[in-house]
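The structure appears below as structure tokens.
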Amino acid sequence: MFSLAGKRALVVGIANEQSIAWGCADALRRQGAELAVTYLNAKAEPHVRPLAERLEAPIFAPLDVRDETQMDALFAQISAEWGGLDVLLHSIAFCPKDDLHGRAIDCSRAGFLEAMDISVHSFLRLIQRAEPLMPRGGTCMTVTFHGSEKVVDHYNIMGPVKAALEGVTRYAAAELGPKGISVHALSPGPLATRAASGIAHFDALLADNAARTPTHRLASLDDIGAYAAFLASSEAANVTGVIHPIDGGYHVIG
């Protein structure tokens with residue numbers, strides 16, 4: 001079994017125990033990685049702090065990815081306390097509710113820009129800061145969804161946003177590959193997370209996915225975490241630029 005002992009990972013996006021970021025962080029920790037964990041704001045802190053304590057995270061810091069000062073402070077702390085970084089996990093997405101619930105073609109300019117900034121460009125901003133801390137190579141991961149390449153009812157503007165995120169993943173992988181830094185996008189099927197609860201008729205989407213998936217079961221946080229932990233390992237160092245379906249085979253169904 002691979003080990004992540006000695007590796008240090010930054011996990012961005014834990015909101016609660018139903019978060020994909022939590023499933024990944026828990027798996028990384030169980031395989032031996034040391035973690036830095038962020039929380040969005042003062043309202044989120046009481047929900048995330050107990051999870052960071054369970055993960056024995058020595059670094060626990062606020063991070064609203066729109067705030068360059070907070071981002072700079074986080075990476076300054078990582079550099080000062082760890083001297084380097086091996087793994088970056090980006091698991092955040094946002095779109096204003098009115099734009100998310102409307103047709104893609106009706107999305108406001110402001111809503112589109114905000115969704116792209118928080119859901120896509122923030123991944124690039126994190127990678128930019130992580131790169132100098134990965135002189136011996138490393139792993140950067142984000143989270144996408146099948147609605148990026150196929151039209152999924154009620155996913156609306158987040159489909160194009162996730163398509164952009166996947167494009168960013170491929171280009172970053174090509175640019176950072178010579179430095180031994182791999183870049184991945186995890187693509188689980190639908191899960192009952194807090195973020196997903198904002199999608200209209202989400203329960204119907206869950207039921208349809210479970211019925212059509214070859215395994216007849218949805219991906220679990222354990223499934224996603226195990227996959228992420230493997231990608232963070234030295235054994236996966238020559239794998240990069242991939243959109244990884246973790247969906248019970250749903251992606252093969254026509």
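Chain lettering (A, B, ...) mirrors the order of the structure tokens, residue numbering begins at 1 for each chain separately, and ligand numbering begins at 1 in order of display.
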
Would you please extract all helix (DSSP H, G or I) residues from segment 12-251 of chain A, as assigned by DSSP on the backbone, and give them as JSON, numbers by chain?
{"A": [20, 21, 22, 23, 24, 25, 26, 27, 28, 29, 30, 45, 46, 47, 48, 49, 50, 51, 52, 53, 54, 68, 69, 70, 71, 72, 73, 74, 75, 76, 77, 78, 79, 80, 81, 97, 98, 99, 100, 101, 104, 105, 106, 109, 110, 111, 112, 113, 114, 115, 116, 117, 118, 119, 120, 121, 122, 123, 124, 125, 126, 127, 128, 129, 130, 131, 132, 133, 146, 147, 148, 158, 159, 160, 161, 162, 163, 164, 165, 166, 167, 168, 169, 170, 171, 172, 173, 174, 175, 176, 177, 178, 179, 196, 197, 198, 202, 203, 204, 205, 206, 207, 208, 209, 210, 211, 212, 221, 222, 223, 224, 225, 226, 227, 228, 229, 230, 231, 234, 235, 236, 250, 251]}

Segment 38-55 of chain A: which residues within 10 Å, counting only C-alpha atoms, same-chain residues fewer than 6 positions away excluded, as a list in words?
Leu10, Val11, Val12, Gly13, Ile14, Ala15, Asn16, Glu17, Trp22, Ala25, Asp26, Ala27, Leu28, Arg29, Arg30, Ala61, Pro62, Leu63, Asp64, Val65 and Leu74 of chain A

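For the atom pair formed by atom CA of Glu166 of chain A and atom CA of Cys140 of chain A, the distance is 12.7 Å, given to one decimal.
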
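Considering only segment 15-157 of chain A, backbone DSSP assigns strand (DSSP E) to Glu34, Leu35, Ala36, Val37, Thr38, Tyr39, Ile59, Phe60, Ala61, Pro62, Val87, Leu88, Leu89, His90, Gly138, Thr139, Cys140, Met141, Thr142 and Val143 of chain A.
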
Within 12 Å of Asp208 of chain A, counting only C-alpha atoms, which residues qualify if same-chain residues fewer than 3 places away don't, as a VMD selection string?
chain A and resid 152 to 153 189 to 190 201 to 205 211 to 214 216 to 218 250

Segment 179-188 of chain A surroundings by only C-alpha atoms, 6 Å radius, close-in-sequence under 4 positions cut, as a PyMOL selection string
chain A and resi 137-145+173+240-247

Writing out the chosen residues with all heavy atoms as a short mmCIF file (atom, residue, chain, number, x, y, z; two decimals), in the first residue's frame:
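To be explicit, this is the file written out as again_19.cif:
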```
data_model
loop_
_atom_site.label_atom_id
_atom_site.label_comp_id
_atom_site.auth_asym_id
_atom_site.auth_seq_id
_atom_site.Cartn_x
_atom_site.Cartn_y
_atom_site.Cartn_z
N GLY A 137 8.74 18.59 -7.23
CA GLY A 137 7.51 18.04 -7.80
C GLY A 137 6.38 18.05 -6.80
O GLY A 137 6.56 18.38 -5.62
N GLY A 138 5.19 17.73 -7.29
CA GLY A 138 4.03 17.73 -6.41
C GLY A 138 2.78 17.39 -7.19
O GLY A 138 2.83 17.01 -8.37
N THR A 139 1.64 17.54 -6.53
CA THR A 139 0.35 17.18 -7.12
C THR A 139 -0.66 18.28 -6.83
O THR A 139 -0.82 18.69 -5.68
CB THR A 139 -0.19 15.86 -6.53
OG1 THR A 139 0.81 14.84 -6.65
CG2 THR A 139 -1.46 15.42 -7.24
N CYS A 140 -1.35 18.74 -7.88
CA CYS A 140 -2.43 19.72 -7.73
C CYS A 140 -3.72 19.09 -8.23
O CYS A 140 -3.74 18.51 -9.33
CB CYS A 140 -2.14 20.99 -8.52
SG CYS A 140 -0.62 21.84 -8.02
N MET A 141 -4.78 19.20 -7.46
CA MET A 141 -6.06 18.59 -7.83
C MET A 141 -7.21 19.57 -7.66
O MET A 141 -7.19 20.40 -6.76
CB MET A 141 -6.33 17.34 -6.97
CG MET A 141 -5.40 16.18 -7.22
SD MET A 141 -5.73 14.76 -6.13
CE MET A 141 -4.76 15.24 -4.68
N THR A 142 -8.21 19.42 -8.51
CA THR A 142 -9.46 20.16 -8.37
C THR A 142 -10.62 19.19 -8.55
O THR A 142 -10.40 17.99 -8.74
CB THR A 142 -9.51 21.34 -9.37
OG1 THR A 142 -10.65 22.15 -9.06
CG2 THR A 142 -9.61 20.85 -10.81
N VAL A 143 -11.84 19.70 -8.49
CA VAL A 143 -13.03 18.84 -8.57
C VAL A 143 -13.97 19.36 -9.64
O VAL A 143 -14.32 20.55 -9.66
CB VAL A 143 -13.77 18.78 -7.21
CG1 VAL A 143 -15.02 17.91 -7.31
CG2 VAL A 143 -12.83 18.25 -6.12
N THR A 144 -14.39 18.48 -10.55
CA THR A 144 -15.28 18.85 -11.63
C THR A 144 -16.52 17.94 -11.61
O THR A 144 -16.78 17.25 -10.63
CB THR A 144 -14.53 18.79 -12.98
OG1 THR A 144 -15.38 19.26 -14.02
CG2 THR A 144 -14.06 17.38 -13.31
N PHE A 145 -17.26 17.95 -12.71
CA PHE A 145 -18.51 17.16 -12.79
C PHE A 145 -18.83 16.89 -14.25
O PHE A 145 -18.46 17.66 -15.14
CB PHE A 145 -19.66 17.93 -12.12
CG PHE A 145 -20.99 17.21 -12.15
CD1 PHE A 145 -21.14 15.99 -11.53
CD2 PHE A 145 -22.08 17.75 -12.83
CE1 PHE A 145 -22.36 15.31 -11.56
CE2 PHE A 145 -23.29 17.09 -12.87
CZ PHE A 145 -23.44 15.87 -12.23
N ALA A 173 -1.24 21.13 -16.49
CA ALA A 173 -0.49 19.87 -16.49
C ALA A 173 0.64 19.92 -17.52
O ALA A 173 1.77 19.48 -17.24
CB ALA A 173 -1.43 18.70 -16.79
N THR A 240 -0.79 12.59 -15.26
CA THR A 240 -1.13 14.01 -15.16
C THR A 240 -2.07 14.42 -16.28
O THR A 240 -2.19 13.73 -17.30
CB THR A 240 0.14 14.89 -15.18
OG1 THR A 240 -0.21 16.23 -14.80
CG2 THR A 240 0.80 14.90 -16.55
N GLY A 241 -2.75 15.55 -16.08
CA GLY A 241 -3.61 16.13 -17.10
C GLY A 241 -4.90 15.39 -17.35
O GLY A 241 -5.54 15.57 -18.39
N VAL A 242 -5.32 14.57 -16.39
CA VAL A 242 -6.47 13.67 -16.61
C VAL A 242 -7.70 14.18 -15.85
O VAL A 242 -7.60 14.67 -14.73
CB VAL A 242 -6.13 12.24 -16.15
CG1 VAL A 242 -7.30 11.30 -16.44
CG2 VAL A 242 -4.85 11.74 -16.82
N ILE A 243 -8.86 14.04 -16.50
CA ILE A 243 -10.14 14.24 -15.82
C ILE A 243 -10.57 12.84 -15.37
O ILE A 243 -10.89 11.98 -16.19
CB ILE A 243 -11.20 14.84 -16.77
CG1 ILE A 243 -10.60 16.04 -17.54
CG2 ILE A 243 -12.44 15.22 -15.98
CD1 ILE A 243 -10.01 17.13 -16.69
N HIS A 244 -10.56 12.59 -14.08
CA HIS A 244 -10.73 11.24 -13.55
C HIS A 244 -12.19 10.98 -13.15
O HIS A 244 -12.65 11.52 -12.13
CB HIS A 244 -9.85 11.04 -12.31
CG HIS A 244 -8.39 11.21 -12.55
ND1 HIS A 244 -7.56 10.16 -12.92
CD2 HIS A 244 -7.60 12.32 -12.49
CE1 HIS A 244 -6.32 10.62 -13.06
NE2 HIS A 244 -6.32 11.92 -12.81
N PRO A 245 -12.93 10.17 -13.92
CA PRO A 245 -14.30 9.85 -13.49
C PRO A 245 -14.27 8.90 -12.29
O PRO A 245 -13.60 7.88 -12.31
CB PRO A 245 -14.92 9.17 -14.72
CG PRO A 245 -13.85 9.04 -15.73
CD PRO A 245 -12.56 9.55 -15.16
N ILE A 246 -15.00 9.28 -11.26
CA ILE A 246 -15.14 8.43 -10.07
C ILE A 246 -16.64 8.32 -9.85
O ILE A 246 -17.21 8.93 -8.93
CB ILE A 246 -14.42 9.05 -8.85
CG1 ILE A 246 -13.01 9.50 -9.21
CG2 ILE A 246 -14.36 8.05 -7.68
CD1 ILE A 246 -12.36 10.39 -8.18
N ASP A 247 -17.32 7.62 -10.74
CA ASP A 247 -18.78 7.73 -10.82
C ASP A 247 -19.49 6.40 -11.04
O ASP A 247 -20.62 6.37 -11.53
CB ASP A 247 -19.15 8.70 -11.96
CG ASP A 247 -18.63 8.24 -13.32
OD1 ASP A 247 -18.01 7.15 -13.40
OD2 ASP A 247 -18.86 8.95 -14.30
#
```

From atom CA of Leu89 of chain A to atom CA of Ala228 of chain A the spacing works out at 8.8 Å

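Using only C-alpha atoms, the smallest distance between any of A:Ile157, A:Met134, A:Leu126, A:Ala236 and Gly102 of chain A comes from A:Ile157.
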
A:Gly83, A:Arg125, A:Gln18, A:Asp106 ranked by distance to Asp67 of chain A, top pick (using only C-alpha atoms)
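Ranked by minimum distance to Asp67 of chain A, first place goes to A:Arg125.
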
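Going from atom CA of Asp72 of chain A to atom CA of Glu131 of chain A covers 13.4 Å.
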
Within 12 Å of His121 of chain A, counting only C-alpha atoms, which residues qualify if same-chain residues fewer than 6 places away don't, as a PyMOL selection string?
chain A and resi 65-66+90+92-94+113-115+127-128+142+161-162+164-169+172
